[in-house]
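**Student:** File follows, final04.txt with compact mmCIF, C-alpha atoms and all ligand atoms:
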```
# COMPACT_ATOMS: atom_id res chain seq x y z
CA MET A 24 0.00 0.00 0.00
CA ASP A 25 1.23 3.44 -0.84
CA HIS A 26 1.56 5.32 2.41
CA ALA A 27 4.32 7.57 1.10
CA TRP A 28 2.27 10.70 1.78
CA PHE A 29 2.46 10.01 5.51
CA ALA A 30 6.24 10.15 5.92
CA GLU A 31 6.44 12.90 3.30
CA SER A 32 4.02 15.07 5.32
CA ARG A 33 5.71 14.82 8.71
CA PHE A 34 3.33 17.25 10.40
CA GLY A 35 -0.39 16.96 11.13
CA MET A 36 -3.14 18.44 13.27
CA PHE A 37 -4.99 16.41 15.90
CA VAL A 38 -8.43 17.73 16.91
CA HIS A 39 -10.04 16.51 20.15
CA TRP A 40 -13.63 17.63 20.20
CA GLY A 41 -16.70 16.28 21.91
CA LEU A 42 -19.07 17.00 24.80
CA TYR A 43 -16.04 17.45 27.11
CA ALA A 44 -15.44 20.81 25.42
CA LEU A 45 -18.31 22.14 27.57
CA PRO A 46 -17.05 21.28 31.08
CA ALA A 47 -13.76 22.50 29.61
CA ARG A 48 -11.62 20.65 32.12
CA HIS A 49 -9.94 17.77 30.25
CA GLU A 50 -11.44 15.07 28.00
CA TRP A 51 -11.23 12.53 30.86
CA VAL A 52 -13.45 14.69 33.11
CA LYS A 53 -16.20 12.05 33.25
CA ASN A 54 -13.72 9.52 34.56
CA ARG A 55 -11.73 11.85 36.81
CA GLU A 56 -14.79 13.24 38.55
CA ARG A 57 -16.75 9.96 38.50
CA LEU A 58 -19.60 11.67 36.65
CA THR A 59 -22.66 9.53 35.96
CA ASP A 60 -24.46 9.48 32.63
CA GLU A 61 -27.06 11.66 34.28
CA ASP A 62 -24.48 14.23 35.44
CA TYR A 63 -22.96 14.26 31.99
CA GLN A 64 -26.29 14.69 30.20
CA ARG A 65 -26.18 18.47 30.73
CA TYR A 66 -23.34 18.75 28.21
CA PHE A 67 -25.36 16.82 25.64
CA ASP A 68 -28.35 19.06 26.29
CA HIS A 69 -26.27 22.20 25.79
CA PHE A 70 -24.16 21.13 22.85
CA GLU A 71 -24.65 23.86 20.26
CA PRO A 72 -21.38 24.84 18.56
CA ASP A 73 -22.73 27.81 16.62
CA LEU A 74 -19.26 28.98 15.58
CA TYR A 75 -18.22 25.63 14.13
CA ASP A 76 -16.28 26.49 10.99
CA PRO A 77 -14.13 23.60 9.77
CA VAL A 78 -12.95 25.70 6.83
CA ARG A 79 -11.18 27.91 9.37
CA TRP A 80 -9.71 24.89 11.13
CA ALA A 81 -8.42 23.50 7.84
CA ARG A 82 -6.89 26.84 6.83
CA LEU A 83 -5.26 27.20 10.22
CA ALA A 84 -3.71 23.75 9.82
CA LYS A 85 -2.56 24.48 6.31
CA GLU A 86 -1.03 27.83 7.28
CA ALA A 87 0.83 26.11 10.12
CA GLY A 88 2.39 23.78 7.55
CA MET A 89 0.38 20.75 8.58
CA ARG A 90 -0.46 18.26 5.84
CA TYR A 91 -3.24 16.22 7.47
CA VAL A 92 -5.96 16.69 10.07
CA VAL A 93 -7.31 14.00 12.42
CA LEU A 94 -10.66 14.51 14.19
CA THR A 95 -12.17 12.54 17.09
CA THR A 96 -15.30 10.95 15.61
CA LYS A 97 -16.01 9.53 19.10
CA HIS A 98 -13.90 9.80 22.25
CA HIS A 99 -14.10 7.63 25.40
CA GLU A 100 -17.27 9.45 26.52
CA GLY A 101 -19.07 7.68 23.64
CA PHE A 102 -20.60 10.76 22.03
CA CYS A 103 -20.75 10.49 18.23
CA LEU A 104 -20.02 13.50 16.02
CA TRP A 105 -21.99 12.02 13.14
CA ASP A 106 -25.54 10.79 12.54
CA SER A 107 -24.91 7.14 13.36
CA ALA A 108 -27.79 4.73 12.76
CA TYR A 109 -26.77 2.69 15.83
CA THR A 110 -27.19 5.16 18.69
CA ASP A 111 -29.06 8.23 19.84
CA TYR A 112 -25.99 9.43 21.69
CA LYS A 113 -24.99 11.61 18.76
CA VAL A 114 -24.75 15.19 17.61
CA THR A 115 -27.94 15.05 15.57
CA ARG A 116 -29.95 14.57 18.80
CA THR A 117 -28.37 17.62 20.50
CA PRO A 118 -29.61 21.20 20.04
CA TRP A 119 -27.07 21.54 17.21
CA GLY A 120 -28.84 18.78 15.31
CA LYS A 121 -26.44 18.46 12.38
CA ASP A 122 -23.67 16.10 11.35
CA LEU A 123 -20.21 17.52 12.08
CA ILE A 124 -18.14 15.04 10.12
CA ALA A 125 -19.17 15.72 6.51
CA PRO A 126 -18.35 19.46 6.65
CA PHE A 127 -15.04 18.62 8.30
CA VAL A 128 -14.03 16.11 5.65
CA GLU A 129 -15.04 18.49 2.88
CA ALA A 130 -13.12 21.45 4.36
CA VAL A 131 -9.93 19.47 4.94
CA ARG A 132 -10.03 18.02 1.43
CA ALA A 133 -10.67 21.47 -0.07
CA GLU A 134 -7.39 22.69 1.44
CA GLY A 135 -5.57 19.78 -0.16
CA LEU A 136 -4.92 18.08 3.18
CA LYS A 137 -5.30 14.42 4.06
CA VAL A 138 -8.26 13.37 6.19
CA GLY A 139 -7.92 11.35 9.38
CA PHE A 140 -10.32 9.93 11.97
CA TYR A 141 -9.60 9.13 15.59
CA HIS A 142 -12.06 6.58 16.97
CA SER A 143 -12.20 5.47 20.59
CA LEU A 144 -12.36 1.75 21.29
CA ILE A 145 -13.24 2.59 24.88
CA ASP A 146 -16.84 3.69 25.41
CA TRP A 147 -18.11 4.94 28.77
CA HIS A 148 -21.68 5.31 27.57
CA HIS A 149 -22.52 2.17 25.63
CA PRO A 150 -24.83 -0.20 27.60
CA GLU A 151 -22.81 -3.31 26.66
CA PHE A 152 -19.33 -1.97 27.39
CA PRO A 153 -18.16 -3.93 30.46
CA VAL A 154 -17.14 -1.78 33.42
CA ASP A 155 -13.39 -1.86 34.09
CA SER A 156 -10.72 -0.01 36.04
CA ARG A 157 -10.87 2.88 33.56
CA HIS A 158 -14.63 3.36 33.86
CA PRO A 159 -16.08 6.44 35.59
CA GLN A 160 -18.21 4.23 37.90
CA ARG A 161 -15.46 1.71 38.65
CA ASP A 162 -15.85 2.07 42.44
CA ASP A 163 -19.65 2.08 42.59
CA GLU A 164 -20.61 -1.42 43.76
CA ALA A 165 -24.32 -1.01 43.04
CA TYR A 166 -23.55 0.16 39.51
CA LYS A 167 -21.13 -2.72 39.01
CA ALA A 168 -23.77 -5.21 40.15
CA ALA A 169 -26.42 -3.68 37.91
CA THR A 170 -24.14 -3.80 34.87
CA ALA A 171 -22.57 -7.21 35.54
CA GLY A 172 -24.14 -8.97 32.56
CA ARG A 173 -22.64 -6.71 29.91
CA ASP A 174 -21.51 -8.49 26.76
CA VAL A 175 -18.40 -7.09 25.11
CA SER A 176 -19.16 -8.93 21.87
CA LYS A 177 -22.33 -6.85 21.51
CA TYR A 178 -20.23 -3.75 22.01
CA ALA A 179 -17.78 -5.02 19.38
CA ASP A 180 -20.70 -5.41 16.93
CA TYR A 181 -21.54 -1.75 17.55
CA LEU A 182 -17.91 -0.71 17.16
CA HIS A 183 -17.57 -2.54 13.86
CA ALA A 184 -20.87 -1.19 12.53
CA GLN A 185 -19.91 2.38 13.37
CA VAL A 186 -16.46 2.10 11.83
CA ARG A 187 -18.17 0.75 8.73
CA GLU A 188 -20.41 3.83 8.62
CA LEU A 189 -17.48 6.19 9.04
CA LEU A 190 -15.45 4.53 6.31
CA THR A 191 -18.39 4.24 3.91
CA ASP A 192 -20.26 7.53 4.12
CA TYR A 193 -17.51 10.16 3.87
CA GLY A 194 -15.50 9.28 0.76
CA GLN A 195 -11.81 8.59 0.96
CA ILE A 196 -10.38 8.52 4.48
CA ASP A 197 -6.59 8.48 4.58
CA TYR A 198 -5.80 7.80 8.21
CA LEU A 199 -7.31 6.04 11.22
CA PHE A 200 -6.26 6.26 14.88
CA PHE A 201 -7.94 3.67 17.16
CA ASP A 202 -7.66 4.34 20.88
CA PHE A 203 -6.76 2.16 22.81
CA SER A 204 -6.07 -1.33 24.22
CA TYR A 205 -5.14 -1.92 27.86
CA LYS A 206 -5.27 -5.63 28.47
CA ASN A 207 -3.43 -7.13 31.48
CA ARG A 208 -1.87 -3.88 32.59
CA PRO A 209 -0.47 -3.98 36.12
CA GLY A 210 -2.90 -2.71 38.72
CA GLU A 211 -5.86 -2.67 36.36
CA TRP A 212 -8.85 -4.96 35.95
CA GLY A 213 -11.20 -5.59 33.07
CA GLY A 214 -8.69 -4.23 30.54
CA LYS A 215 -9.53 -4.87 26.92
CA GLY A 216 -7.58 -5.88 23.85
CA ALA A 217 -7.64 -7.63 20.50
CA ASP A 218 -10.07 -10.39 21.60
CA ASP A 219 -12.57 -7.86 22.87
CA TRP A 220 -12.44 -5.56 19.85
CA ARG A 221 -12.10 -8.53 17.45
CA SER A 222 -9.19 -6.58 16.07
CA PRO A 223 -8.09 -8.77 13.12
CA GLU A 224 -11.64 -8.78 11.72
CA LEU A 225 -12.01 -5.05 12.34
CA LEU A 226 -8.73 -4.22 10.64
CA GLU A 227 -9.62 -6.43 7.69
CA MET A 228 -12.91 -4.57 7.25
CA VAL A 229 -11.10 -1.23 7.47
CA ARG A 230 -8.69 -2.22 4.69
CA GLU A 231 -11.49 -3.55 2.54
CA LEU A 232 -13.51 -0.33 2.84
CA GLN A 233 -10.50 2.00 2.46
CA PRO A 234 -7.68 0.18 0.70
CA GLY A 235 -5.31 3.15 0.89
CA ILE A 236 -5.79 3.92 4.58
CA ILE A 237 -2.98 4.03 7.14
CA VAL A 238 -3.91 2.66 10.59
CA ASN A 239 -2.21 3.06 13.97
CA ASP A 240 -1.12 0.35 16.38
CA ARG A 241 -3.53 0.62 19.31
CA LEU A 242 -5.81 -2.29 18.34
CA ASP A 243 -3.45 -4.63 20.21
CA ILE A 244 -2.29 -6.08 16.86
CA PRO A 245 0.33 -4.50 14.58
CA GLY A 246 -0.77 -1.56 12.46
CA ASP A 247 0.97 0.61 9.87
CA PHE A 248 2.61 3.01 12.30
CA VAL A 249 3.31 3.31 16.01
CA THR A 250 2.14 6.09 18.28
CA PRO A 251 4.28 7.16 21.24
CA GLU A 252 2.16 9.55 23.25
CA GLN A 253 3.53 12.78 24.73
CA TYR A 254 6.94 11.17 24.40
CA GLN A 255 9.81 11.92 22.02
CA PRO A 256 11.64 8.61 21.40
CA ALA A 257 15.41 8.49 21.75
CA GLY A 258 15.91 7.51 18.11
CA PRO A 259 14.18 5.78 15.18
CA MET A 260 11.50 3.38 16.44
CA THR A 261 11.59 -0.34 15.65
CA VAL A 262 9.24 -3.29 15.82
CA ASP A 263 11.00 -6.70 15.89
CA GLY A 264 14.24 -4.90 15.02
CA ARG A 265 12.86 -3.23 11.90
CA GLU A 266 12.42 0.53 11.63
CA VAL A 267 8.74 1.49 11.39
CA PRO A 268 6.87 4.69 10.60
CA TRP A 269 5.95 6.45 13.81
CA GLU A 270 4.11 9.51 14.91
CA ALA A 271 4.45 11.35 18.20
CA CYS A 272 1.26 13.02 19.35
CA GLN A 273 1.67 16.06 21.53
CA THR A 274 -0.61 18.55 23.25
CA LEU A 275 -0.31 22.31 23.38
CA ASN A 276 -0.99 22.46 27.14
CA GLY A 277 -1.10 18.89 28.49
CA SER A 278 -4.82 18.40 27.81
CA TRP A 279 -6.30 17.02 24.59
CA GLY A 280 -9.79 18.40 25.08
CA TYR A 281 -10.43 22.11 25.60
CA ASP A 282 -9.16 22.96 29.10
CA ARG A 283 -10.09 26.55 29.85
CA ASP A 284 -8.04 27.19 32.97
CA ASN A 285 -4.91 25.37 31.89
CA LEU A 286 -2.38 27.97 30.79
CA ASP A 287 0.55 25.58 30.67
CA TYR A 288 1.26 26.27 27.00
CA LYS A 289 4.35 25.00 25.28
CA SER A 290 6.12 27.76 23.38
CA PRO A 291 6.12 27.73 19.56
CA GLU A 292 9.92 27.37 19.74
CA LEU A 293 9.63 24.21 21.83
CA LEU A 294 6.99 22.79 19.49
CA VAL A 295 9.19 23.46 16.46
CA ARG A 296 12.01 21.63 18.23
CA MET A 297 9.65 18.70 18.86
CA LEU A 298 8.76 18.61 15.17
CA VAL A 299 12.42 18.74 14.14
CA ASP A 300 13.30 16.10 16.72
CA SER A 301 10.61 13.79 15.32
CA VAL A 302 11.78 14.19 11.73
CA ALA A 303 15.43 13.74 12.75
CA LYS A 304 14.42 10.36 14.21
CA GLY A 305 12.28 9.30 11.26
CA GLY A 306 8.88 10.20 12.70
CA ASN A 307 5.94 12.56 12.37
CA LEU A 308 4.41 15.02 14.79
CA LEU A 309 0.64 15.17 15.31
CA LEU A 310 0.00 18.36 17.24
CA ASN A 311 -3.31 18.68 19.06
CA VAL A 312 -5.87 21.44 19.41
CA GLY A 313 -9.05 21.24 21.49
CA PRO A 314 -11.80 23.46 20.08
CA ASP A 315 -14.19 24.99 22.63
CA GLY A 316 -17.92 24.42 23.06
CA ARG A 317 -18.79 26.92 20.35
CA GLY A 318 -16.45 25.22 17.90
CA GLN A 319 -13.61 27.71 17.99
CA ILE A 320 -9.92 27.04 18.25
CA ASP A 321 -9.03 29.55 20.94
CA PRO A 322 -6.66 32.53 20.43
CA ARG A 323 -3.75 31.00 22.34
CA ALA A 324 -3.77 27.90 20.18
CA THR A 325 -4.27 29.96 17.03
CA GLN A 326 -1.34 32.23 17.87
CA THR A 327 0.91 29.26 18.55
CA LEU A 328 0.01 27.65 15.22
CA ASP A 329 0.53 30.94 13.39
CA ASP A 330 4.00 31.23 14.90
CA ILE A 331 4.86 27.67 13.89
CA GLY A 332 3.54 28.52 10.42
CA ALA A 333 5.91 31.48 10.15
CA TRP A 334 8.81 29.13 10.88
CA MET A 335 7.50 26.52 8.44
CA ARG A 336 7.20 28.99 5.58
CA LEU A 337 10.94 29.61 5.74
CA ASN A 338 12.14 26.20 6.84
CA ASN A 339 9.73 23.54 5.63
CA ARG A 340 12.27 22.25 3.12
CA SER A 341 14.01 20.73 6.13
CA ILE A 342 10.79 18.93 7.19
CA TYR A 343 8.73 17.63 4.24
CA GLY A 344 10.09 14.39 2.86
CA CYS A 345 13.05 14.51 5.22
CA GLY A 346 14.26 11.82 7.59
CA PRO A 347 17.26 10.87 9.68
CA SER A 348 20.83 11.44 8.56
CA GLY A 349 23.72 9.00 8.77
CA PHE A 350 25.87 11.82 10.14
CA THR A 351 25.95 12.55 13.85
CA ALA A 352 24.86 16.05 14.79
CA PRO A 353 26.87 18.11 17.30
CA PRO A 354 25.44 18.57 20.82
CA ASP A 355 22.10 20.39 20.99
CA CYS A 356 21.60 20.09 17.24
CA ARG A 357 19.58 17.82 14.97
CA TYR A 358 20.15 16.76 11.39
CA THR A 359 17.33 16.10 8.99
CA GLN A 360 18.16 14.91 5.50
CA ARG A 361 16.53 14.48 2.15
CA GLY A 362 18.70 12.96 -0.58
CA ASN A 363 22.01 14.83 -0.55
CA ARG A 364 20.57 17.87 1.26
CA LEU A 365 21.55 17.91 4.89
CA TYR A 366 19.70 20.29 7.22
CA LEU A 367 21.30 21.36 10.46
CA HIS A 368 18.94 22.56 13.22
CA VAL A 369 20.74 24.47 15.96
CA PHE A 370 18.74 24.34 19.21
CA THR A 371 21.25 26.35 21.24
CA TRP A 372 23.19 29.04 19.41
CA PRO A 373 26.97 28.52 19.71
CA PHE A 374 29.78 31.05 20.05
CA ARG A 375 30.46 31.99 16.41
CA HIS A 376 31.57 28.52 15.33
CA LEU A 377 29.98 25.15 14.94
CA HIS A 378 32.15 22.05 14.50
CA LEU A 379 30.62 19.33 12.40
CA PRO A 380 32.30 15.90 12.68
CA GLY A 381 32.65 13.86 9.51
CA LEU A 382 31.70 16.66 7.14
CA ALA A 383 35.15 17.93 6.07
CA GLY A 384 35.35 17.65 2.28
CA ARG A 385 31.70 16.50 2.04
CA VAL A 386 29.89 19.84 1.78
CA LYS A 387 29.66 21.66 -1.56
CA TYR A 388 27.79 24.68 -0.34
CA ALA A 389 26.21 25.84 2.91
CA GLN A 390 23.50 28.40 3.42
CA PHE A 391 20.82 29.52 5.82
CA LEU A 392 17.35 28.43 4.82
CA HIS A 393 15.52 31.58 5.94
CA ASP A 394 17.35 34.05 3.64
CA ALA A 395 19.54 31.82 1.42
CA SER A 396 22.64 33.64 2.65
CA GLU A 397 25.92 31.78 2.36
CA ILE A 398 27.52 30.28 5.44
CA ARG A 399 31.28 30.08 5.12
CA THR A 400 32.94 26.84 6.16
CA ARG A 401 36.53 25.78 6.62
CA VAL A 402 38.59 22.86 7.82
CA ILE A 403 40.86 23.98 10.62
CA ASP A 404 44.22 22.25 10.51
CA PRO A 405 44.71 21.01 14.07
CA THR A 406 48.50 20.79 13.65
CA GLN A 407 48.93 24.29 12.27
CA THR A 408 49.31 26.20 15.53
CA ALA A 409 52.57 26.88 17.29
CA GLY A 410 54.04 24.97 20.23
CA ASN A 411 51.89 22.60 22.18
CA THR A 412 48.61 24.38 21.48
CA THR A 413 45.81 22.17 20.20
CA MET A 414 42.57 23.36 18.68
CA GLY A 415 40.50 21.75 21.38
CA GLY A 416 40.88 18.26 20.09
CA LEU A 417 39.57 18.85 16.57
CA ALA A 418 39.72 15.76 14.39
CA PRO A 419 40.82 16.23 10.77
CA ASP A 420 37.36 15.30 9.45
CA VAL A 421 35.67 18.21 11.19
CA LEU A 422 34.10 20.98 9.16
CA THR A 423 33.81 24.31 10.97
CA MET A 424 31.07 26.81 10.17
CA ASP A 425 31.46 30.54 10.68
CA LEU A 426 28.18 31.81 12.07
CA PRO A 427 26.92 35.27 12.97
CA VAL A 428 27.40 36.12 16.64
CA VAL A 429 23.70 36.65 17.16
CA ARG A 430 21.21 34.03 16.03
CA PRO A 431 19.11 35.21 13.08
CA ASP A 432 15.54 35.87 14.25
CA VAL A 433 13.67 32.99 12.60
C1 LIG B 501 -5.44 8.35 24.80
C2 LIG B 501 -6.68 9.01 25.34
O1 LIG B 501 -7.03 8.43 26.55
C3 LIG B 501 -6.46 10.50 25.49
O2 LIG B 501 -7.62 11.13 25.98
C4 LIG B 501 -6.10 11.06 24.13
O3 LIG B 501 -7.16 10.87 23.22
C5 LIG B 501 -4.84 10.38 23.63
C6 LIG B 501 -4.43 10.82 22.24
O4 LIG B 501 -4.99 8.96 23.61
O5 LIG B 501 -4.49 8.29 25.82
C7 LIG B 501 -3.60 7.27 25.91
C8 LIG B 501 -3.67 6.16 25.14
C9 LIG B 501 -2.71 5.16 25.26
C10 LIG B 501 -1.72 5.28 26.20
C11 LIG B 501 -1.65 6.42 27.00
C12 LIG B 501 -2.60 7.39 26.85
N1 LIG B 501 -0.78 4.28 26.33
O6 LIG B 501 -0.85 3.24 25.63
O7 LIG B 501 0.18 4.42 27.14
```
Let me see the file written as structure tokens.
**Tutor:**
Amino acid sequence: MDHAWFAESRFGMFVHWGLYALPARHEWVKNRERLTDEDYQRYFDHFEPDLYDPVRWARLAKEAGMRYVVLTTKHHEGFCLWDSAYTDYKVTRTPWGKDLIAPFVEAVRAEGLKVGFYHSLIDWHHPEFPVDSRHPQRDDEAYKAATAGRDVSKYADYLHAQVRELLTDYGQIDYLFFDFSYKNRPGEWGGKGADDWRSPELLEMVRELQPGIIVNDRLDIPGDFVTPEQYQPAGPMTVDGREVPWEACQTLNGSWGYDRDNLDYKSPELLVRMLVDSVAKGGNLLLNVGPDGRGQIDPRATQTLDDIGAWMRLNNRSIYGCGPSGFTAPPDCRYTQRGNRLYLHVFTWPFRHLHLPGLAGRVKYAQFLHDASEIRTRVIDPTQTAGNTTMGGLAPDVLTMDLPVVRPDV
């Protein structure tokens, strides 16, 4: 299958949106606060995102340099953003009353971006989803007794039927992120995995409905790419010793869903370094936004993405289609490489000179990306100086760059 677009793109937008945008205190709020279905109903009853404008979302992503957008069709709360035939717990029964998925898919496509769905395997609302250690009512003995006869295979039927809807009714879908399996984890009970989801059968159906689709690895069976979460791996990721496509997902402020009072924002500079770090290690970055209850991506998130976009406009040649280099970057730097173009990302600006091991005689021309200005390079002869002076232990294969004293403002 041709998944070349995925590694070529390197940078995507994750969108976590559901009823949890209304409490606005993390997408796990139902679990964290042990909210009952009845408590949670108020968010359903007040769901009316009158400023929902997926064209704006798609443009924001595109301007930030992102090449694909992934939306939560259903998160763990169980609320469906489309008009599913298999439940009433869906957007078309809220005051908003309209499908959210079709306009999203259309807007993303219109910007020339790839379309992705996130779909939760966990469901805290479905009447046949067996209660487990991750369930909001996990400690409520009466609730546990009343729900004891739940049949996970009936839930799996529902899961399969809904995935079929999503992959049938919205044209070509390029990407699918299932979330997640947690079987036999220490200190947990009732965890679920491939047997519960009937993962092989589900994945087979997915590939039949969307032959070109790329699927993640959280079904508890291997997928097309792996998904470290809020973690930058130490180097290229492998499965059974073979390098595999991977994608780090990262939040702007530690929460996936809209979290009004959380001001713990990562700086645009840090996020750019995370993107570069991913590419330097052969991976992608899926950066999350959590739209609010009216459907807006808030000003802090928008500003951050605009700032990343300004960097991408000048530097995206070092991102798209790039991957790891065989050369070893100096401390606090990363290399990305595409063909014979080597891109050096300097995280901490040095004192006038940068020493690049192994590059003496290998570089035809060096320039800044942001203004195409030449960077002069030389090979310092370590034996040239008088007496017993050494040049700080320079090896003969080191190429030295002459840099401006002050880092260019890009
Ligand atoms: C999951 C969700 O629970 C979370 O709300 C968000 O959607 C995120 C992208 O995915 O969180 C996970 C899933 C898997 C692991 C950790 C957090 N895991 O396997 O360690």
**Student:** Please identify every residue of chain A that has at least one atom no farther than 9 Å from an atom of ligand LIG 501 (chain B), counting all atoms listed in the file, and for each give the shortest atom pair and the distance in Å to one decimal, arranged by chain then increasing number, as CSV.
**Tutor:**
```
residue,atom,partner,partner_atom,distance
A:Phe37,CA,B:LIG501,C6,8.5
A:His39,CA,B:LIG501,O3,7.0
A:His49,CA,B:LIG501,O2,8.2
A:Glu50,CA,B:LIG501,O2,5.8
A:Trp51,CA,B:LIG501,O2,6.2
A:Thr95,CA,B:LIG501,O3,8.1
A:His98,CA,B:LIG501,O3,6.9
A:His99,CA,B:LIG501,O1,7.2
A:Tyr141,CA,B:LIG501,O3,8.2
A:Ser143,CA,B:LIG501,O3,7.8
A:Ile145,CA,B:LIG501,O1,8.7
A:Phe200,CA,B:LIG501,C6,8.8
A:Phe201,CA,B:LIG501,O4,8.8
A:Asp202,CA,B:LIG501,O4,6.0
A:Phe203,CA,B:LIG501,C8,5.6
A:Ser204,CA,B:LIG501,O6,7.1
A:Tyr205,CA,B:LIG501,O6,7.1
A:Arg241,CA,B:LIG501,O6,7.3
A:Thr250,CA,B:LIG501,O6,8.4
A:Pro251,CA,B:LIG501,O7,7.7
A:Glu252,CA,B:LIG501,C11,6.2
A:Gln253,CA,B:LIG501,C12,8.4
A:Cys272,CA,B:LIG501,C6,6.8
A:Gln273,CA,B:LIG501,C6,8.1
A:Thr274,CA,B:LIG501,C6,8.7
A:Ser278,CA,B:LIG501,O2,8.0
A:Trp279,CA,B:LIG501,C4,6.0
A:Gly280,CA,B:LIG501,O2,7.6
A:Asn311,CA,B:LIG501,C6,8.6
```
**Student:** Could you list, with a cut-off of 8 Å and counting all atoms listed in the file, the residues of segment 148-262 of chain A near segment 286-306 of chain A, each shown with its nearest atom pair and the distance in Å rounded to one decimal, rows sorted by chain and ascending number, as a Markdown table?
**Tutor:**
```
| residue | atom | partner | partner_atom | distance |
| --- | --- | --- | --- | --- |
| A:Gln255 | CA | A:Ser301 | CA | 7.0 |
| A:Pro256 | CA | A:Lys304 | CA | 7.9 |
| A:Ala257 | CA | A:Lys304 | CA | 7.8 |
| A:Gly258 | CA | A:Lys304 | CA | 5.1 |
| A:Pro259 | CA | A:Lys304 | CA | 4.7 |
| A:Met260 | CA | A:Lys304 | CA | 7.9 |
```
**Student:** Produce a file of the selected residues containing C-alpha atoms, as a PDB file, in the frame of the given file.
**Tutor:**
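Done, and the output landed in again_29.pdb:
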```pdb
ATOM      1  CA  GLN A 255       9.810  11.920  22.020  1.00  0.00           C
ATOM      2  CA  PRO A 256      11.640   8.610  21.400  1.00  0.00           C
ATOM      3  CA  ALA A 257      15.410   8.490  21.750  1.00  0.00           C
ATOM      4  CA  GLY A 258      15.910   7.510  18.110  1.00  0.00           C
ATOM      5  CA  PRO A 259      14.180   5.780  15.180  1.00  0.00           C
ATOM      6  CA  MET A 260      11.500   3.380  16.440  1.00  0.00           C
TER       7      MET A 260
END
```
**Student:** Looking at A:Tyr166, A:Phe70, A:Trp372, A:Phe152, which one is nearest to Asp432 of chain A, with distances taken over all atoms listed in the file?
**Tutor:**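 Of A:Tyr166, A:Phe70, A:Trp372, A:Phe152, the one nearest Asp432 of chain A, counting all atoms listed in the file, is A:Trp372.
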**Student:** Using all atoms listed in the file, which of the listed residues (A:His149, A:Lys53, A:Arg116, A:Lys137) sits closest to Gly35 of chain A?
**Tutor:** A:Lys137
**Student:** Taking 2 positions as the minimum chain separation for residues in the same chain, which residues sit within 12 Å of Trp147 of chain A when counting all atoms listed in the file? Answer as a ChimeraX atom specification.
**Tutor:** /A:51-54,57-60,63,97-102,112,143-145,149-161,178
